[in-house]
file run.cif (mmCIF, C-alpha atoms)
data_my_file
loop_
_atom_site.label_atom_id
_atom_site.label_comp_id
_atom_site.auth_asym_id
_atom_site.auth_seq_id
_atom_site.Cartn_x
_atom_site.Cartn_y
_atom_site.Cartn_z
CA MET A 279 0.00 0.00 0.00
CA ASP A 280 2.93 2.32 -0.72
CA HIS A 281 0.83 3.89 -3.49
CA MET A 282 -1.84 5.26 -1.12
CA SER A 283 -3.44 8.50 -2.17
CA PRO A 284 -3.45 11.39 0.33
CA ARG A 285 -7.22 10.92 0.71
CA LEU A 286 -6.81 7.21 1.56
CA ARG A 287 -3.94 7.94 3.95
CA THR A 288 -6.09 10.53 5.76
CA PHE A 289 -9.09 8.20 5.89
CA LEU A 290 -7.04 5.38 7.41
CA SER A 291 -5.16 7.60 9.87
CA GLU A 292 -8.09 7.97 12.26
CA PRO A 293 -11.04 5.89 13.49
CA ILE A 294 -13.88 5.34 11.03
CA GLY A 295 -16.38 6.62 13.62
CA GLU A 296 -19.20 8.66 12.10
CA LYS A 297 -17.38 9.66 8.89
CA ASN A 298 -19.61 10.44 5.97
CA VAL A 299 -19.42 7.96 3.10
CA ALA A 300 -18.03 10.76 0.91
CA TRP A 301 -14.76 10.50 2.90
CA VAL A 302 -14.09 6.99 1.58
CA ASP A 303 -11.35 7.03 -1.03
CA GLY A 304 -12.72 6.18 -4.47
CA VAL A 305 -16.24 7.43 -3.72
CA SER A 306 -17.12 10.27 -6.07
CA ARG A 307 -19.65 12.96 -5.21
CA GLU A 308 -22.23 11.29 -7.45
CA LEU A 309 -21.65 7.85 -5.93
CA ALA A 310 -21.84 9.33 -2.41
CA ILE A 311 -25.25 10.81 -3.26
CA ASN A 312 -26.43 7.46 -4.65
CA LEU A 313 -25.16 5.62 -1.57
CA CYS A 314 -26.84 8.11 0.80
CA THR A 315 -30.11 7.71 -1.11
CA LYS A 316 -29.90 3.95 -0.52
CA GLY A 317 -29.18 4.37 3.21
CA PHE A 318 -25.40 4.02 3.11
CA ASN A 319 -24.65 7.52 4.43
CA LYS A 320 -21.84 6.59 6.84
CA ALA A 321 -18.53 4.89 6.09
CA TYR A 322 -19.17 2.27 8.78
CA ILE A 323 -22.44 1.26 7.06
CA LEU A 324 -20.60 0.83 3.76
CA LEU A 325 -17.91 -1.14 5.62
CA GLY A 326 -20.67 -3.37 7.01
CA GLN A 327 -21.85 -4.13 3.47
CA PHE A 328 -18.27 -4.98 2.50
CA LEU A 329 -18.02 -7.32 5.49
CA LEU A 330 -21.36 -8.95 4.62
CA MET A 331 -19.77 -9.77 1.27
CA HIS A 332 -16.96 -11.55 3.15
CA LYS A 333 -14.43 -8.84 2.20
CA ASN A 334 -14.63 -9.93 -1.45
CA GLU A 335 -13.44 -6.83 -3.33
CA ALA A 336 -14.65 -8.03 -6.74
CA GLU A 337 -18.18 -8.75 -5.47
CA PHE A 338 -18.27 -5.47 -3.59
CA GLN A 339 -17.24 -3.54 -6.69
CA LYS A 340 -19.90 -5.35 -8.75
CA TRP A 341 -22.48 -4.39 -6.10
CA LEU A 342 -21.35 -0.74 -6.24
CA ILE A 343 -21.70 -0.73 -10.03
CA CYS A 344 -24.98 -2.67 -10.30
CA CYS A 345 -26.86 -1.40 -7.26
CA CYS A 346 -25.39 2.02 -6.56
CA GLY A 347 -24.59 3.43 -9.97
CA ALA A 348 -20.82 3.45 -9.63
CA THR A 349 -18.87 3.72 -12.85
CA GLU A 350 -16.31 1.24 -14.09
CA TYR A 351 -13.71 3.64 -12.66
CA VAL A 352 -14.31 2.03 -9.25
CA HIS A 353 -12.31 -0.98 -10.47
CA ASP A 354 -9.22 1.21 -10.72
CA SER A 355 -9.69 3.06 -7.43
CA ASP A 356 -8.61 2.30 -3.90
CA GLN A 357 -12.23 1.66 -2.82
CA GLY A 358 -11.66 -1.96 -1.89
CA THR A 359 -8.27 -1.15 -0.39
CA ALA A 360 -9.75 1.50 1.88
CA LEU A 361 -12.53 -0.75 3.10
CA TYR A 362 -10.26 -3.78 3.47
CA SER A 363 -7.82 -1.75 5.58
CA ALA A 364 -10.66 -0.31 7.63
CA SER A 365 -12.09 -3.80 8.18
CA ARG A 366 -8.77 -4.92 9.63
CA ASN A 367 -8.52 -1.93 11.95
CA PRO A 368 -11.87 -0.07 12.12
CA GLU A 369 -10.88 2.03 15.11
CA GLY A 370 -7.86 3.54 13.39
CA PRO A 371 -4.16 3.21 14.10
CA ASP A 372 -4.51 3.50 17.88
CA SER A 373 -7.18 0.84 18.43
CA ARG A 374 -4.72 -1.10 20.57
CA ASP A 375 -5.59 1.37 23.35
CA LEU A 376 -9.19 0.07 23.57
#
call {"tool": "encode", "arguments": {"input": "run.cif", "output": "structure tokens"}}
result
Amino acid sequence: MDHMSPRLRTFLSEPIGEKNVAWVDGVSRELAINLCTKGFNKAYILLGQFLLMHKNEAEFQKWLICCCGATEYVHDSDQGTALYSASRNPEGPDSRDL
């Protein structure tokens, strides 16, 4: 993950908490609106969907395209990477203090 974008690095540097879905790297403004319309307004809710899909990035990306109106561009983004990293450490880098 040496190729992380600044947006992804920022997203992963702190707990997921109540972050808006628009903060997730790879989520465009249009996709964020579509996700919010479908009830996925928080990053943790989107993470939950990713976990329900057993952290399968390909299936998750298909779901984003088919059900949420994402473009094919999602395949080239860090969307799955951001959610996979968040699923491994949802409380951020200092979760060991919990």
call {"tool": "closest_residue", "arguments": {"input": "run.cif", "among": "A:Met331, A:Ala300, A:Ile294, A:Val305", "to": "A:Asn319", "atoms": "all atoms listed in the file"}}
result
A:Ala300
call {"tool": "resolve_selection", "arguments": {"input": "run.cif", "expression": "the PyMOL selection byres ((chain A and resi 285) around 9)", "output": "PyMOL selection string"}}
result
chain A and resi 282-284+286-290+301-304
call {"tool": "write_last_selection", "arguments": {"input": "run.cif", "atoms": "C-alpha atoms", "output": "PDB file, in the frame of the given file"}}
result
ATOM      1  CA  MET A 282      -1.840   5.260  -1.120  1.00  0.00           C
ATOM      2  CA  SER A 283      -3.440   8.500  -2.170  1.00  0.00           C
ATOM      3  CA  PRO A 284      -3.450  11.390   0.330  1.00  0.00           C
ATOM      4  CA  LEU A 286      -6.810   7.210   1.560  1.00  0.00           C
ATOM      5  CA  ARG A 287      -3.940   7.940   3.950  1.00  0.00           C
ATOM      6  CA  THR A 288      -6.090  10.530   5.760  1.00  0.00           C
ATOM      7  CA  PHE A 289      -9.090   8.200   5.890  1.00  0.00           C
ATOM      8  CA  LEU A 290      -7.040   5.380   7.410  1.00  0.00           C
ATOM      9  CA  TRP A 301     -14.760  10.500   2.900  1.00  0.00           C
ATOM     10  CA  VAL A 302     -14.090   6.990   1.580  1.00  0.00           C
ATOM     11  CA  ASP A 303     -11.350   7.030  -1.030  1.00  0.00           C
ATOM     12  CA  GLY A 304     -12.720   6.180  -4.470  1.00  0.00           C
TER      13      GLY A 304
END
call {"tool": "resolve_selection", "arguments": {"input": "run.cif", "expression": "the PyMOL selection byres ((chain A and resi 321) around 12)", "output": "ChimeraX atom specification"}}
result
/A:289-290,293-303,305,310,313-314,317-320,322-328,357,360-361,364-365,368
call {"tool": "write_last_selection", "arguments": {"input": "run.cif", "atoms": "C-alpha atoms", "output": "PDB file, in the coordinates of the input"}}
result
ATOM      1  CA  PHE A 289      -9.090   8.200   5.890  1.00  0.00           C
ATOM      2  CA  LEU A 290      -7.040   5.380   7.410  1.00  0.00           C
ATOM      3  CA  PRO A 293     -11.040   5.890  13.490  1.00  0.00           C
ATOM      4  CA  ILE A 294     -13.880   5.340  11.030  1.00  0.00           C
ATOM      5  CA  GLY A 295     -16.380   6.620  13.620  1.00  0.00           C
ATOM      6  CA  GLU A 296     -19.200   8.660  12.100  1.00  0.00           C
ATOM      7  CA  LYS A 297     -17.380   9.660   8.890  1.00  0.00           C
ATOM      8  CA  ASN A 298     -19.610  10.440   5.970  1.00  0.00           C
ATOM      9  CA  VAL A 299     -19.420   7.960   3.100  1.00  0.00           C
ATOM     10  CA  ALA A 300     -18.030  10.760   0.910  1.00  0.00           C
ATOM     11  CA  TRP A 301     -14.760  10.500   2.900  1.00  0.00           C
ATOM     12  CA  VAL A 302     -14.090   6.990   1.580  1.00  0.00           C
ATOM     13  CA  ASP A 303     -11.350   7.030  -1.030  1.00  0.00           C
ATOM     14  CA  VAL A 305     -16.240   7.430  -3.720  1.00  0.00           C
ATOM     15  CA  ALA A 310     -21.840   9.330  -2.410  1.00  0.00           C
ATOM     16  CA  LEU A 313     -25.160   5.620  -1.570  1.00  0.00           C
ATOM     17  CA  CYS A 314     -26.840   8.110   0.800  1.00  0.00           C
ATOM     18  CA  GLY A 317     -29.180   4.370   3.210  1.00  0.00           C
ATOM     19  CA  PHE A 318     -25.400   4.020   3.110  1.00  0.00           C
ATOM     20  CA  ASN A 319     -24.650   7.520   4.430  1.00  0.00           C
ATOM     21  CA  LYS A 320     -21.840   6.590   6.840  1.00  0.00           C
ATOM     22  CA  TYR A 322     -19.170   2.270   8.780  1.00  0.00           C
ATOM     23  CA  ILE A 323     -22.440   1.260   7.060  1.00  0.00           C
ATOM     24  CA  LEU A 324     -20.600   0.830   3.760  1.00  0.00           C
ATOM     25  CA  LEU A 325     -17.910  -1.140   5.620  1.00  0.00           C
ATOM     26  CA  GLY A 326     -20.670  -3.370   7.010  1.00  0.00           C
ATOM     27  CA  GLN A 327     -21.850  -4.130   3.470  1.00  0.00           C
ATOM     28  CA  PHE A 328     -18.270  -4.980   2.500  1.00  0.00           C
ATOM     29  CA  GLN A 357     -12.230   1.660  -2.820  1.00  0.00           C
ATOM     30  CA  ALA A 360      -9.750   1.500   1.880  1.00  0.00           C
ATOM     31  CA  LEU A 361     -12.530  -0.750   3.100  1.00  0.00           C
ATOM     32  CA  ALA A 364     -10.660  -0.310   7.630  1.00  0.00           C
ATOM     33  CA  SER A 365     -12.090  -3.800   8.180  1.00  0.00           C
ATOM     34  CA  PRO A 368     -11.870  -0.070  12.120  1.00  0.00           C
TER      35      PRO A 368
END
call {"tool": "atom_distance", "arguments": {"input": "run.cif", "atom1": "atom CA of A:Gly347", "atom2": "atom CA of A:Leu309"}}
result
6.7 Å
call {"tool": "atom_distance", "arguments": {"input": "run.cif", "atom1": "atom CA of A:Lys340", "atom2": "atom CA of A:Glu292"}}
result
27.5 Å
call {"tool": "atom_distance", "arguments": {"input": "run.cif", "atom1": "atom CA of A:Trp341", "atom2": "atom CA of A:Arg307"}}
result
17.6 Å
call {"tool": "residues_around", "arguments": {"input": "run.cif", "residues": "A:Asn312", "least_positions_apart": "4", "cutoff": "7 Å", "atoms": "all atoms listed in the file", "output": "MDAnalysis selection string"}}
result
chainID A and resid 308 316 346:347
call {"tool": "write_last_selection", "arguments": {"input": "run.cif", "atoms": "C-alpha atoms", "output": "PDB file, in the frame of the given file"}}
result
ATOM      1  CA  GLU A 308     -22.230  11.290  -7.450  1.00  0.00           C
ATOM      2  CA  LYS A 316     -29.900   3.950  -0.520  1.00  0.00           C
ATOM      3  CA  CYS A 346     -25.390   2.020  -6.560  1.00  0.00           C
ATOM      4  CA  GLY A 347     -24.590   3.430  -9.970  1.00  0.00           C
TER       5      GLY A 347
END
call {"tool": "build_atoms", "arguments": {"input": "run.cif", "residues": "stretch 283-300 of chain A", "atoms": "N, CA and C atoms", "output": "PDB file, in the coordinates of the input"}}
result
ATOM      1  N   SER A 283      -3.163   7.098  -1.871  1.00  0.00           N
ATOM      2  CA  SER A 283      -3.440   8.500  -2.170  1.00  0.00           C
ATOM      3  C   SER A 283      -3.506   9.272  -0.850  1.00  0.00           C
ATOM      4  N   PRO A 284      -3.321  10.592  -0.901  1.00  0.00           N
ATOM      5  CA  PRO A 284      -3.450  11.390   0.330  1.00  0.00           C
ATOM      6  C   PRO A 284      -4.816  11.212   0.985  1.00  0.00           C
ATOM      7  N   ARG A 285      -5.864  11.092   0.168  1.00  0.00           N
ATOM      8  CA  ARG A 285      -7.220  10.920   0.710  1.00  0.00           C
ATOM      9  C   ARG A 285      -7.342   9.597   1.464  1.00  0.00           C
ATOM     10  N   LEU A 286      -6.781   8.516   0.902  1.00  0.00           N
ATOM     11  CA  LEU A 286      -6.810   7.210   1.560  1.00  0.00           C
ATOM     12  C   LEU A 286      -5.984   7.244   2.840  1.00  0.00           C
ATOM     13  N   ARG A 287      -4.816   7.838   2.771  1.00  0.00           N
ATOM     14  CA  ARG A 287      -3.940   7.940   3.950  1.00  0.00           C
ATOM     15  C   ARG A 287      -4.658   8.673   5.084  1.00  0.00           C
ATOM     16  N   THR A 288      -5.342   9.769   4.757  1.00  0.00           N
ATOM     17  CA  THR A 288      -6.090  10.530   5.760  1.00  0.00           C
ATOM     18  C   THR A 288      -7.231   9.705   6.322  1.00  0.00           C
ATOM     19  N   PHE A 289      -7.959   9.015   5.449  1.00  0.00           N
ATOM     20  CA  PHE A 289      -9.090   8.200   5.890  1.00  0.00           C
ATOM     21  C   PHE A 289      -8.641   7.120   6.868  1.00  0.00           C
ATOM     22  N   LEU A 290      -7.511   6.481   6.580  1.00  0.00           N
ATOM     23  CA  LEU A 290      -7.040   5.380   7.410  1.00  0.00           C
ATOM     24  C   LEU A 290      -6.304   5.833   8.661  1.00  0.00           C
ATOM     25  N   SER A 291      -5.959   7.114   8.752  1.00  0.00           N
ATOM     26  CA  SER A 291      -5.160   7.600   9.870  1.00  0.00           C
ATOM     27  C   SER A 291      -5.949   7.814  11.152  1.00  0.00           C
ATOM     28  N   GLU A 292      -7.265   7.749  11.072  1.00  0.00           N
ATOM     29  CA  GLU A 292      -8.090   7.970  12.260  1.00  0.00           C
ATOM     30  C   GLU A 292      -9.266   7.003  12.261  1.00  0.00           C
ATOM     31  N   PRO A 293      -9.920   6.829  13.408  1.00  0.00           N
ATOM     32  CA  PRO A 293     -11.040   5.890  13.490  1.00  0.00           C
ATOM     33  C   PRO A 293     -12.143   6.213  12.480  1.00  0.00           C
ATOM     34  N   ILE A 294     -12.813   5.167  12.016  1.00  0.00           N
ATOM     35  CA  ILE A 294     -13.880   5.340  11.030  1.00  0.00           C
ATOM     36  C   ILE A 294     -15.052   6.114  11.633  1.00  0.00           C
ATOM     37  N   GLY A 295     -15.362   5.866  12.891  1.00  0.00           N
ATOM     38  CA  GLY A 295     -16.380   6.620  13.620  1.00  0.00           C
ATOM     39  C   GLY A 295     -17.624   6.935  12.812  1.00  0.00           C
ATOM     40  N   GLU A 296     -17.983   8.194  12.784  1.00  0.00           N
ATOM     41  CA  GLU A 296     -19.200   8.660  12.100  1.00  0.00           C
ATOM     42  C   GLU A 296     -18.879   9.354  10.769  1.00  0.00           C
ATOM     43  N   LYS A 297     -17.756   9.013  10.153  1.00  0.00           N
ATOM     44  CA  LYS A 297     -17.380   9.660   8.890  1.00  0.00           C
ATOM     45  C   LYS A 297     -18.443   9.457   7.829  1.00  0.00           C
ATOM     46  N   ASN A 298     -18.686  10.505   7.088  1.00  0.00           N
ATOM     47  CA  ASN A 298     -19.610  10.440   5.970  1.00  0.00           C
ATOM     48  C   ASN A 298     -19.014   9.546   4.889  1.00  0.00           C
ATOM     49  N   VAL A 299     -19.866   8.865   4.151  1.00  0.00           N
ATOM     50  CA  VAL A 299     -19.420   7.960   3.100  1.00  0.00           C
ATOM     51  C   VAL A 299     -18.584   8.687   2.043  1.00  0.00           C
ATOM     52  N   ALA A 300     -18.791   9.981   1.889  1.00  0.00           N
ATOM     53  CA  ALA A 300     -18.030  10.760   0.910  1.00  0.00           C
ATOM     54  C   ALA A 300     -16.537  10.810   1.250  1.00  0.00           C
TER      55      ALA A 300
END
